[in-house]
Amino acid sequence: MEEQDDPKEKLDEREIQVALYQRKCAKLNVCPVGAYVRNPTSPVLNIGNYCLGPTGALALSVPLTLDMTVTTLNLQGNAIGAEGLRYLAPCIQDSCSITHLNLNDNDLGSEGAAIMEKILMVNISLEAVSLAGNNFTDSDAVHFSQVALSPEKKPLKDLDLSRNRLEDGAAMQFGEVLALNEQLEVLDLSWNQIRPKGGVALINGLKDNPRLKRLAVSRNGVGDEGCEAAATALVTNRSLLELDLSGNRVTNKGMLALAKTIKNNDTLTVLKLGDNLATGLGAQAVGEAILRSEECAVTVLDLTNINVFDILIKEVRDHAQSRPLTLKHGTISRYVLPMDELEKKFAEDFRTAHPELDTQANKDNEEEEDEKETKKSSKKDGSKKINAKKTKRK
């Protein structure tokens, strides 16, 4: 009879890895990570916020060098720094199994960015890399743009560089990446220091991009210029599914520009514009453009903390069956006549479509004026009576 393979052989290999890891920890005088020791066979290695530091990263590099089954490696919040990443670099760059890598909040800095470039240039399996909160500066962006623009197609599809210190220079480089790269599907540059100049250059890269599905530029400062660039890009772009421009100082001007083109885009499904400077007029313009278009594919409109008119809420409800739209918004108010020339220009088409609102608004204004006149006349009558009494006393 043929001898059957010992079913414990694979477990023995894992036990060897754990033993080597524990021995290395003892030698370095660090505590082994229980999450790994208890379950070394898991394809998802979640060691987030364990305070590993550089020494803990060195100890962990021993079993990872031998491991060929881990697909997701989460090491966020461990303060490993560039030194710790240098210890881990050989086992990550040579891995054929790791597809998702999370190194958020590890204070990697500029030296860590250079190490990451080498890892990404060599590795053949990494598809999603998250590097948020690592103190990367504007000059560090070149390390990631070179990877994305490498003549050898890399598997990288998802790159998160949020909560760093990237500025306009980095945004311009990533604008070039979006214009030329055909692999990247998700790019997150939220919570950086990108202003209008960089925002325009970045978003212009979307015009002919055939692959990107999600772009997040929230909490920067791209302003109306960036929003107008997005409006222009959406005319030709047919790959983007989600666009996040929340918290970017966008006013009604940017919203109106977006409303003019969003109605003809049949791919974008999620549009986030919350925490901007627009008012109910800008919100109304975008909301109506989506609801009244047969081509527009947007199903989620995020206007968090932006005032909306009650008529928009009514339209969303009226279209609930034929054109469902999930709307997140701030306070709800009645439509009022715009006060300055800029708002009058934005509201012209809206007032034409809703003449009954202007009538009601005029009526309300007339009532307010009547009340003011009544108060003035009552004050005058009161003062006359007082003067008459004083005259009698004299």
# chains A, B, ... in the order shown; residues from 1 in each chain; ligands from 1
$ select_by_dssp --residues "stretch 42-198 of chain A" --states "helix (DSSP H, G or I)" --output "NGL selection string"
:A and (53-66 or 81-93 or 109-122 or 138-148 or 168-180 or 196-198)
$ residues_around --residues "stretch 87-91 of chain A" --least-positions-apart "3" --cutoff "10 Å" --atoms "only C-alpha atoms" --output "PDB file with N, CA, C and O atoms, in the first residue's frame"
ATOM      1  N   PRO A  54      10.230  49.570  15.209  1.00  0.00           N
ATOM      2  CA  PRO A  54      11.189  48.967  14.276  1.00  0.00           C
ATOM      3  C   PRO A  54      11.642  47.571  14.702  1.00  0.00           C
ATOM      4  O   PRO A  54      11.794  46.678  13.866  1.00  0.00           O
ATOM      5  N   THR A  55      11.836  47.362  16.005  1.00  0.00           N
ATOM      6  CA  THR A  55      12.316  46.061  16.493  1.00  0.00           C
ATOM      7  C   THR A  55      11.269  44.977  16.294  1.00  0.00           C
ATOM      8  O   THR A  55      11.586  43.856  15.885  1.00  0.00           O
ATOM      9  N   GLY A  56      10.016  45.314  16.569  1.00  0.00           N
ATOM     10  CA  GLY A  56       8.943  44.353  16.354  1.00  0.00           C
ATOM     11  C   GLY A  56       8.799  43.995  14.882  1.00  0.00           C
ATOM     12  O   GLY A  56       8.497  42.849  14.534  1.00  0.00           O
ATOM     13  N   ALA A  57       9.027  44.972  14.008  1.00  0.00           N
ATOM     14  CA  ALA A  57       8.982  44.713  12.563  1.00  0.00           C
ATOM     15  C   ALA A  57      10.104  43.773  12.146  1.00  0.00           C
ATOM     16  O   ALA A  57       9.921  42.890  11.301  1.00  0.00           O
ATOM     17  N   LEU A  58      11.269  43.945  12.749  1.00  0.00           N
ATOM     18  CA  LEU A  58      12.398  43.061  12.456  1.00  0.00           C
ATOM     19  C   LEU A  58      12.073  41.622  12.840  1.00  0.00           C
ATOM     20  O   LEU A  58      12.345  40.685  12.068  1.00  0.00           O
ATOM     21  N   ALA A  59      11.462  41.430  14.007  1.00  0.00           N
ATOM     22  CA  ALA A  59      11.097  40.078  14.450  1.00  0.00           C
ATOM     23  C   ALA A  59      10.063  39.460  13.517  1.00  0.00           C
ATOM     24  O   ALA A  59      10.141  38.277  13.163  1.00  0.00           O
ATOM     25  N   LEU A  60       9.097  40.261  13.077  1.00  0.00           N
ATOM     26  CA  LEU A  60       8.025  39.756  12.220  1.00  0.00           C
ATOM     27  C   LEU A  60       8.531  39.401  10.823  1.00  0.00           C
ATOM     28  O   LEU A  60       7.933  38.559  10.136  1.00  0.00           O
ATOM     29  N   SER A  61       9.613  40.024  10.406  1.00  0.00           N
ATOM     30  CA  SER A  61      10.141  39.744   9.066  1.00  0.00           C
ATOM     31  C   SER A  61      10.618  38.296   8.917  1.00  0.00           C
ATOM     32  O   SER A  61      10.654  37.778   7.798  1.00  0.00           O
ATOM     33  N   VAL A  62      10.940  37.645  10.026  1.00  0.00           N
ATOM     34  CA  VAL A  62      11.435  36.257   9.972  1.00  0.00           C
ATOM     35  C   VAL A  62      10.368  35.294   9.464  1.00  0.00           C
ATOM     36  O   VAL A  62      10.580  34.606   8.458  1.00  0.00           O
ATOM     37  N   PRO A  63       9.176  35.215  10.104  1.00  0.00           N
ATOM     38  CA  PRO A  63       8.164  34.295   9.577  1.00  0.00           C
ATOM     39  C   PRO A  63       7.590  34.735   8.233  1.00  0.00           C
ATOM     40  O   PRO A  63       7.211  33.895   7.418  1.00  0.00           O
ATOM     41  N   LEU A  64       7.531  36.058   7.992  1.00  0.00           N
ATOM     42  CA  LEU A  64       6.980  36.542   6.716  1.00  0.00           C
ATOM     43  C   LEU A  64       7.869  36.159   5.537  1.00  0.00           C
ATOM     44  O   LEU A  64       7.389  35.984   4.409  1.00  0.00           O
ATOM     45  N   THR A  65       9.154  36.030   5.785  1.00  0.00           N
ATOM     46  CA  THR A  65      10.064  35.609   4.720  1.00  0.00           C
ATOM     47  C   THR A  65       9.744  34.210   4.235  1.00  0.00           C
ATOM     48  O   THR A  65       9.873  33.897   3.041  1.00  0.00           O
ATOM     49  N   LEU A  66       9.274  33.348   5.158  1.00  0.00           N
ATOM     50  CA  LEU A  66       8.960  31.968   4.812  1.00  0.00           C
ATOM     51  C   LEU A  66       7.514  31.779   4.373  1.00  0.00           C
ATOM     52  O   LEU A  66       7.171  30.760   3.772  1.00  0.00           O
ATOM     53  N   ASP A  67       6.673  32.768   4.686  1.00  0.00           N
ATOM     54  CA  ASP A  67       5.238  32.620   4.422  1.00  0.00           C
ATOM     55  C   ASP A  67       4.898  32.847   2.953  1.00  0.00           C
ATOM     56  O   ASP A  67       5.365  33.793   2.330  1.00  0.00           O
ATOM     57  N   ILE A  80       6.458  51.848  12.916  1.00  0.00           N
ATOM     58  CA  ILE A  80       7.658  51.111  12.528  1.00  0.00           C
ATOM     59  C   ILE A  80       8.686  52.033  11.897  1.00  0.00           C
ATOM     60  O   ILE A  80       9.889  51.725  11.891  1.00  0.00           O
ATOM     61  N   ALA A  82      10.775  54.328   8.966  1.00  0.00           N
ATOM     62  CA  ALA A  82      11.534  53.888   7.788  1.00  0.00           C
ATOM     63  C   ALA A  82      12.442  52.717   8.137  1.00  0.00           C
ATOM     64  O   ALA A  82      12.661  51.815   7.322  1.00  0.00           O
ATOM     65  N   GLU A  83      12.954  52.709   9.368  1.00  0.00           N
ATOM     66  CA  GLU A  83      13.831  51.615   9.797  1.00  0.00           C
ATOM     67  C   GLU A  83      13.093  50.290   9.790  1.00  0.00           C
ATOM     68  O   GLU A  83      13.583  49.280   9.255  1.00  0.00           O
ATOM     69  N   GLY A  84      11.907  50.262  10.368  1.00  0.00           N
ATOM     70  CA  GLY A  84      11.116  49.033  10.391  1.00  0.00           C
ATOM     71  C   GLY A  84      10.716  48.580   8.995  1.00  0.00           C
ATOM     72  O   GLY A  84      10.704  47.382   8.696  1.00  0.00           O
ATOM     73  N   ASP A  94       9.526  40.434  -2.238  1.00  0.00           N
ATOM     74  CA  ASP A  94       9.708  39.108  -2.837  1.00  0.00           C
ATOM     75  C   ASP A  94       8.467  38.231  -2.723  1.00  0.00           C
ATOM     76  O   ASP A  94       8.436  37.121  -3.261  1.00  0.00           O
ATOM     77  N   SER A  95       7.455  38.723  -2.020  1.00  0.00           N
ATOM     78  CA  SER A  95       6.238  37.919  -1.822  1.00  0.00           C
ATOM     79  C   SER A  95       5.436  37.811  -3.117  1.00  0.00           C
ATOM     80  O   SER A  95       5.282  38.787  -3.853  1.00  0.00           O
ATOM     81  N   CYS A  96       4.934  36.614  -3.352  1.00  0.00           N
ATOM     82  CA  CYS A  96       4.066  36.394  -4.517  1.00  0.00           C
ATOM     83  C   CYS A  96       2.607  36.264  -4.097  1.00  0.00           C
ATOM     84  O   CYS A  96       1.743  36.054  -4.956  1.00  0.00           O
ATOM     85  N   ILE A  98       1.086  38.360  -1.222  1.00  0.00           N
ATOM     86  CA  ILE A  98       0.493  39.562  -0.625  1.00  0.00           C
ATOM     87  C   ILE A  98      -0.073  40.459  -1.723  1.00  0.00           C
ATOM     88  O   ILE A  98       0.654  40.929  -2.598  1.00  0.00           O
ATOM     89  N   ILE A 115      11.842  53.778   0.053  1.00  0.00           N
ATOM     90  CA  ILE A 115      11.844  52.316   0.229  1.00  0.00           C
ATOM     91  C   ILE A 115      10.612  51.708  -0.426  1.00  0.00           C
ATOM     92  O   ILE A 115      10.689  50.656  -1.069  1.00  0.00           O
ATOM     93  N   MET A 116       9.465  52.376  -0.284  1.00  0.00           N
ATOM     94  CA  MET A 116       8.232  51.872  -0.893  1.00  0.00           C
ATOM     95  C   MET A 116       8.343  51.821  -2.414  1.00  0.00           C
ATOM     96  O   MET A 116       7.811  50.916  -3.053  1.00  0.00           O
ATOM     97  N   LYS A 118      11.006  51.149  -4.142  1.00  0.00           N
ATOM     98  CA  LYS A 118      11.776  49.941  -4.472  1.00  0.00           C
ATOM     99  C   LYS A 118      10.914  48.691  -4.317  1.00  0.00           C
ATOM    100  O   LYS A 118      10.970  47.775  -5.145  1.00  0.00           O
ATOM    101  N   ILE A 119      10.105  48.660  -3.251  1.00  0.00           N
ATOM    102  CA  ILE A 119       9.226  47.505  -3.028  1.00  0.00           C
ATOM    103  C   ILE A 119       8.243  47.347  -4.184  1.00  0.00           C
ATOM    104  O   ILE A 119       8.065  46.260  -4.735  1.00  0.00           O
ATOM    105  N   LEU A 120       7.602  48.449  -4.571  1.00  0.00           N
ATOM    106  CA  LEU A 120       6.573  48.398  -5.616  1.00  0.00           C
ATOM    107  C   LEU A 120       7.166  48.119  -6.997  1.00  0.00           C
ATOM    108  O   LEU A 120       6.499  47.537  -7.854  1.00  0.00           O
ATOM    109  N   VAL A 122       9.669  46.117  -7.527  1.00  0.00           N
ATOM    110  CA  VAL A 122      10.074  44.709  -7.587  1.00  0.00           C
ATOM    111  C   VAL A 122       8.895  43.764  -7.441  1.00  0.00           C
ATOM    112  O   VAL A 122       8.795  42.748  -8.147  1.00  0.00           O
ATOM    113  N   ASN A 123       7.975  44.087  -6.539  1.00  0.00           N
ATOM    114  CA  ASN A 123       6.866  43.175  -6.236  1.00  0.00           C
ATOM    115  C   ASN A 123       5.960  42.947  -7.450  1.00  0.00           C
ATOM    116  O   ASN A 123       5.719  43.861  -8.241  1.00  0.00           O
TER     117      ASN A 123
END
$ closest_residue --among "A:Ala79, A:Leu108, A:Ile262, A:Leu161" --to "A:Val129" --atoms "only C-alpha atoms"
A:Leu161
$ residues_around --residues "A:Arg249" --least-positions-apart "6" --cutoff "7 Å" --atoms "only C-alpha atoms" --output "list in words"
Gly221, Gly223, Asn276 and Leu277 of chain A
$ residues_around --residues "A:Pro155" --least-positions-apart "5" --cutoff "12 Å" --atoms "only C-alpha atoms" --output "ChimeraX atom specification"
/A:96,98-100,120-129,147-148,150,181-185
$ write_last_selection --atoms "N, CA, C and O atoms" --output "short mmCIF file (atom, residue, chain, number, x, y, z; two decimals), in the first residue's frame"
data_model
loop_
_atom_site.label_atom_id
_atom_site.label_comp_id
_atom_site.auth_asym_id
_atom_site.auth_seq_id
_atom_site.Cartn_x
_atom_site.Cartn_y
_atom_site.Cartn_z
N CYS A 96 4.93 36.61 -3.35
CA CYS A 96 4.07 36.39 -4.52
C CYS A 96 2.61 36.26 -4.10
O CYS A 96 1.74 36.05 -4.96
N ILE A 98 1.09 38.36 -1.22
CA ILE A 98 0.49 39.56 -0.62
C ILE A 98 -0.07 40.46 -1.72
O ILE A 98 0.65 40.93 -2.60
N THR A 99 -1.37 40.70 -1.67
CA THR A 99 -2.03 41.58 -2.64
C THR A 99 -2.49 42.90 -2.03
O THR A 99 -2.63 43.90 -2.73
N HIS A 100 -2.74 42.90 -0.69
CA HIS A 100 -3.21 44.10 -0.01
C HIS A 100 -2.26 44.42 1.16
O HIS A 100 -2.05 43.57 2.03
N LEU A 120 7.60 48.45 -4.57
CA LEU A 120 6.57 48.40 -5.62
C LEU A 120 7.17 48.12 -7.00
O LEU A 120 6.50 47.54 -7.85
N MET A 121 8.39 48.54 -7.20
CA MET A 121 9.04 48.28 -8.48
C MET A 121 9.37 46.80 -8.65
O MET A 121 9.34 46.27 -9.76
N VAL A 122 9.67 46.12 -7.53
CA VAL A 122 10.07 44.71 -7.59
C VAL A 122 8.90 43.76 -7.44
O VAL A 122 8.80 42.75 -8.15
N ASN A 123 7.97 44.09 -6.54
CA ASN A 123 6.87 43.18 -6.24
C ASN A 123 5.96 42.95 -7.45
O ASN A 123 5.72 43.86 -8.24
N ILE A 124 5.43 41.74 -7.57
CA ILE A 124 4.58 41.40 -8.73
C ILE A 124 3.15 41.05 -8.33
O ILE A 124 2.36 40.61 -9.17
N SER A 125 2.81 41.24 -7.04
CA SER A 125 1.47 40.82 -6.59
C SER A 125 0.65 41.93 -5.94
O SER A 125 -0.57 41.83 -5.87
N LEU A 126 1.27 42.99 -5.45
CA LEU A 126 0.55 44.03 -4.71
C LEU A 126 -0.45 44.77 -5.60
O LEU A 126 -0.07 45.39 -6.60
N GLU A 127 -1.72 44.73 -5.21
CA GLU A 127 -2.78 45.41 -5.94
C GLU A 127 -3.31 46.64 -5.21
O GLU A 127 -3.75 47.59 -5.84
N ALA A 128 -3.29 46.60 -3.87
CA ALA A 128 -3.81 47.71 -3.07
C ALA A 128 -2.81 48.06 -1.97
O ALA A 128 -2.44 47.20 -1.17
N VAL A 129 -2.40 49.34 -1.94
CA VAL A 129 -1.43 49.80 -0.95
C VAL A 129 -1.98 51.05 -0.27
O VAL A 129 -2.32 52.02 -0.94
N VAL A 147 6.50 54.75 -10.11
CA VAL A 147 5.98 53.38 -10.13
C VAL A 147 4.80 53.29 -11.09
O VAL A 147 4.70 52.37 -11.92
N ALA A 148 3.88 54.26 -10.98
CA ALA A 148 2.68 54.24 -11.82
C ALA A 148 2.99 54.45 -13.29
O ALA A 148 2.26 53.97 -14.16
N SER A 150 5.85 53.51 -14.72
CA SER A 150 6.87 52.55 -15.14
C SER A 150 6.45 51.87 -16.45
O SER A 150 5.30 51.49 -16.62
N ASN A 181 -1.53 56.43 -17.09
CA ASN A 181 -1.62 55.10 -16.49
C ASN A 181 -2.95 54.42 -16.83
O ASN A 181 -4.01 55.04 -16.80
N GLU A 182 -2.89 53.14 -17.14
CA GLU A 182 -4.09 52.38 -17.50
C GLU A 182 -4.36 51.24 -16.52
O GLU A 182 -5.16 50.35 -16.83
N GLN A 183 -3.71 51.28 -15.36
CA GLN A 183 -3.88 50.22 -14.37
C GLN A 183 -4.63 50.70 -13.12
O GLN A 183 -5.45 49.98 -12.56
N LEU A 184 -4.32 51.91 -12.68
CA LEU A 184 -4.85 52.42 -11.41
C LEU A 184 -6.36 52.58 -11.47
O LEU A 184 -6.90 53.18 -12.40
N GLU A 185 -7.05 52.05 -10.45
CA GLU A 185 -8.51 52.13 -10.38
C GLU A 185 -9.00 53.01 -9.24
O GLU A 185 -10.11 53.54 -9.30
#
$ residues_around --residues "A:Thr279" --least-positions-apart "2" --cutoff "12 Å" --atoms "only C-alpha atoms" --output "JSON, numbers by chain"
{"A": [249, 250, 251, 252, 253, 254, 255, 256, 273, 274, 275, 276, 277, 281, 282, 283, 284, 285, 286, 303, 304, 305, 306, 307, 308, 309, 329, 330, 331, 332, 333, 335, 336, 338, 343, 346, 347]}
$ write_last_selection --atoms "N, CA and C atoms" --output "compact mmCIF listing (two decimals), in the first residue's frame"
# COMPACT_ATOMS: atom_id res chain seq x y z
N ARG A 249 -13.96 74.05 -0.44
CA ARG A 249 -14.25 75.48 -0.62
C ARG A 249 -14.97 75.77 -1.94
N VAL A 250 -15.76 74.83 -2.38
CA VAL A 250 -16.52 75.00 -3.62
C VAL A 250 -17.76 75.83 -3.34
N THR A 251 -18.01 76.85 -4.16
CA THR A 251 -19.18 77.71 -4.00
C THR A 251 -20.23 77.36 -5.06
N ASN A 252 -21.27 78.17 -5.15
CA ASN A 252 -22.32 77.95 -6.16
C ASN A 252 -21.76 77.96 -7.59
N LYS A 253 -20.70 78.74 -7.80
CA LYS A 253 -20.11 78.82 -9.13
C LYS A 253 -19.63 77.45 -9.61
N GLY A 254 -18.91 76.74 -8.75
CA GLY A 254 -18.43 75.41 -9.10
C GLY A 254 -19.56 74.42 -9.25
N MET A 255 -20.55 74.53 -8.38
CA MET A 255 -21.71 73.62 -8.42
C MET A 255 -22.47 73.78 -9.74
N LEU A 256 -22.65 75.02 -10.16
CA LEU A 256 -23.40 75.27 -11.39
C LEU A 256 -22.67 74.68 -12.60
N LEU A 273 -20.15 66.07 -2.44
CA LEU A 273 -19.87 67.50 -2.49
C LEU A 273 -20.12 68.18 -1.13
N GLY A 274 -20.23 67.39 -0.09
CA GLY A 274 -20.57 67.94 1.23
C GLY A 274 -19.49 68.84 1.81
N ASP A 275 -19.87 69.60 2.84
CA ASP A 275 -18.95 70.47 3.59
C ASP A 275 -18.24 71.49 2.70
N ASN A 276 -18.95 71.99 1.68
CA ASN A 276 -18.41 73.05 0.85
C ASN A 276 -19.11 74.37 1.16
N LEU A 277 -18.81 75.41 0.40
CA LEU A 277 -19.34 76.75 0.69
C LEU A 277 -20.59 77.08 -0.12
N LEU A 281 -28.90 77.16 -3.62
CA LEU A 281 -29.00 77.34 -5.07
C LEU A 281 -28.09 76.37 -5.82
N GLY A 282 -26.85 76.24 -5.33
CA GLY A 282 -25.92 75.29 -5.94
C GLY A 282 -26.39 73.86 -5.78
N ALA A 283 -26.90 73.54 -4.58
CA ALA A 283 -27.42 72.20 -4.32
C ALA A 283 -28.61 71.89 -5.22
N GLN A 284 -29.48 72.89 -5.39
CA GLN A 284 -30.67 72.71 -6.23
C GLN A 284 -30.27 72.44 -7.68
N ALA A 285 -29.27 73.19 -8.16
CA ALA A 285 -28.84 73.05 -9.55
C ALA A 285 -28.32 71.64 -9.82
N VAL A 286 -27.47 71.13 -8.92
CA VAL A 286 -26.90 69.79 -9.10
C VAL A 286 -27.99 68.72 -8.95
N LEU A 303 -24.47 65.88 0.02
CA LEU A 303 -24.40 67.33 0.24
C LEU A 303 -24.37 67.63 1.74
N THR A 304 -23.67 66.80 2.48
CA THR A 304 -23.60 66.93 3.94
C THR A 304 -23.26 68.36 4.35
N ASN A 305 -24.06 68.89 5.29
CA ASN A 305 -23.86 70.23 5.86
C ASN A 305 -24.07 71.37 4.85
N ILE A 306 -24.70 71.07 3.73
CA ILE A 306 -25.07 72.12 2.78
C ILE A 306 -26.59 72.29 2.82
N ASN A 307 -27.03 73.52 2.95
CA ASN A 307 -28.45 73.81 3.01
C ASN A 307 -29.13 73.44 1.68
N VAL A 308 -30.30 72.83 1.75
CA VAL A 308 -31.07 72.49 0.55
C VAL A 308 -32.48 73.06 0.68
N PHE A 309 -33.11 73.30 -0.47
CA PHE A 309 -34.47 73.81 -0.48
C PHE A 309 -35.47 72.67 -0.34
N HIS A 329 -27.86 65.60 3.15
CA HIS A 329 -27.89 67.06 3.08
C HIS A 329 -27.86 67.68 4.47
N GLY A 330 -27.77 69.01 4.46
CA GLY A 330 -27.80 69.76 5.71
C GLY A 330 -29.21 70.18 6.04
N THR A 331 -29.39 71.40 6.52
CA THR A 331 -30.70 71.89 6.90
C THR A 331 -31.58 72.12 5.66
N ILE A 332 -32.89 72.09 5.90
CA ILE A 332 -33.85 72.29 4.82
C ILE A 332 -34.53 73.65 5.02
N SER A 333 -34.61 74.44 3.94
CA SER A 333 -35.25 75.76 4.05
C SER A 333 -36.11 76.01 2.81
N TYR A 335 -37.30 78.15 -0.48
CA TYR A 335 -36.60 78.92 -1.50
C TYR A 335 -36.86 80.41 -1.29
N VAL A 336 -35.80 81.22 -1.37
CA VAL A 336 -35.92 82.68 -1.25
C VAL A 336 -35.24 83.33 -2.44
N PRO A 338 -32.67 85.32 -4.56
CA PRO A 338 -31.24 85.59 -4.36
C PRO A 338 -31.01 87.08 -4.14
N GLU A 343 -25.63 85.44 -7.32
CA GLU A 343 -26.67 84.46 -7.06
C GLU A 343 -27.84 84.61 -8.02
N PHE A 346 -26.98 82.69 -11.10
CA PHE A 346 -27.08 81.25 -10.91
C PHE A 346 -28.53 80.80 -10.86
N ALA A 347 -29.39 81.64 -10.33
CA ALA A 347 -30.77 81.23 -10.09
C ALA A 347 -31.70 81.49 -11.27
$ residues_around --residues "A:Gly169" --least-positions-apart "4" --cutoff "8 Å" --atoms "only C-alpha atoms" --output "ChimeraX atom specification"
/A:138-139,173,198
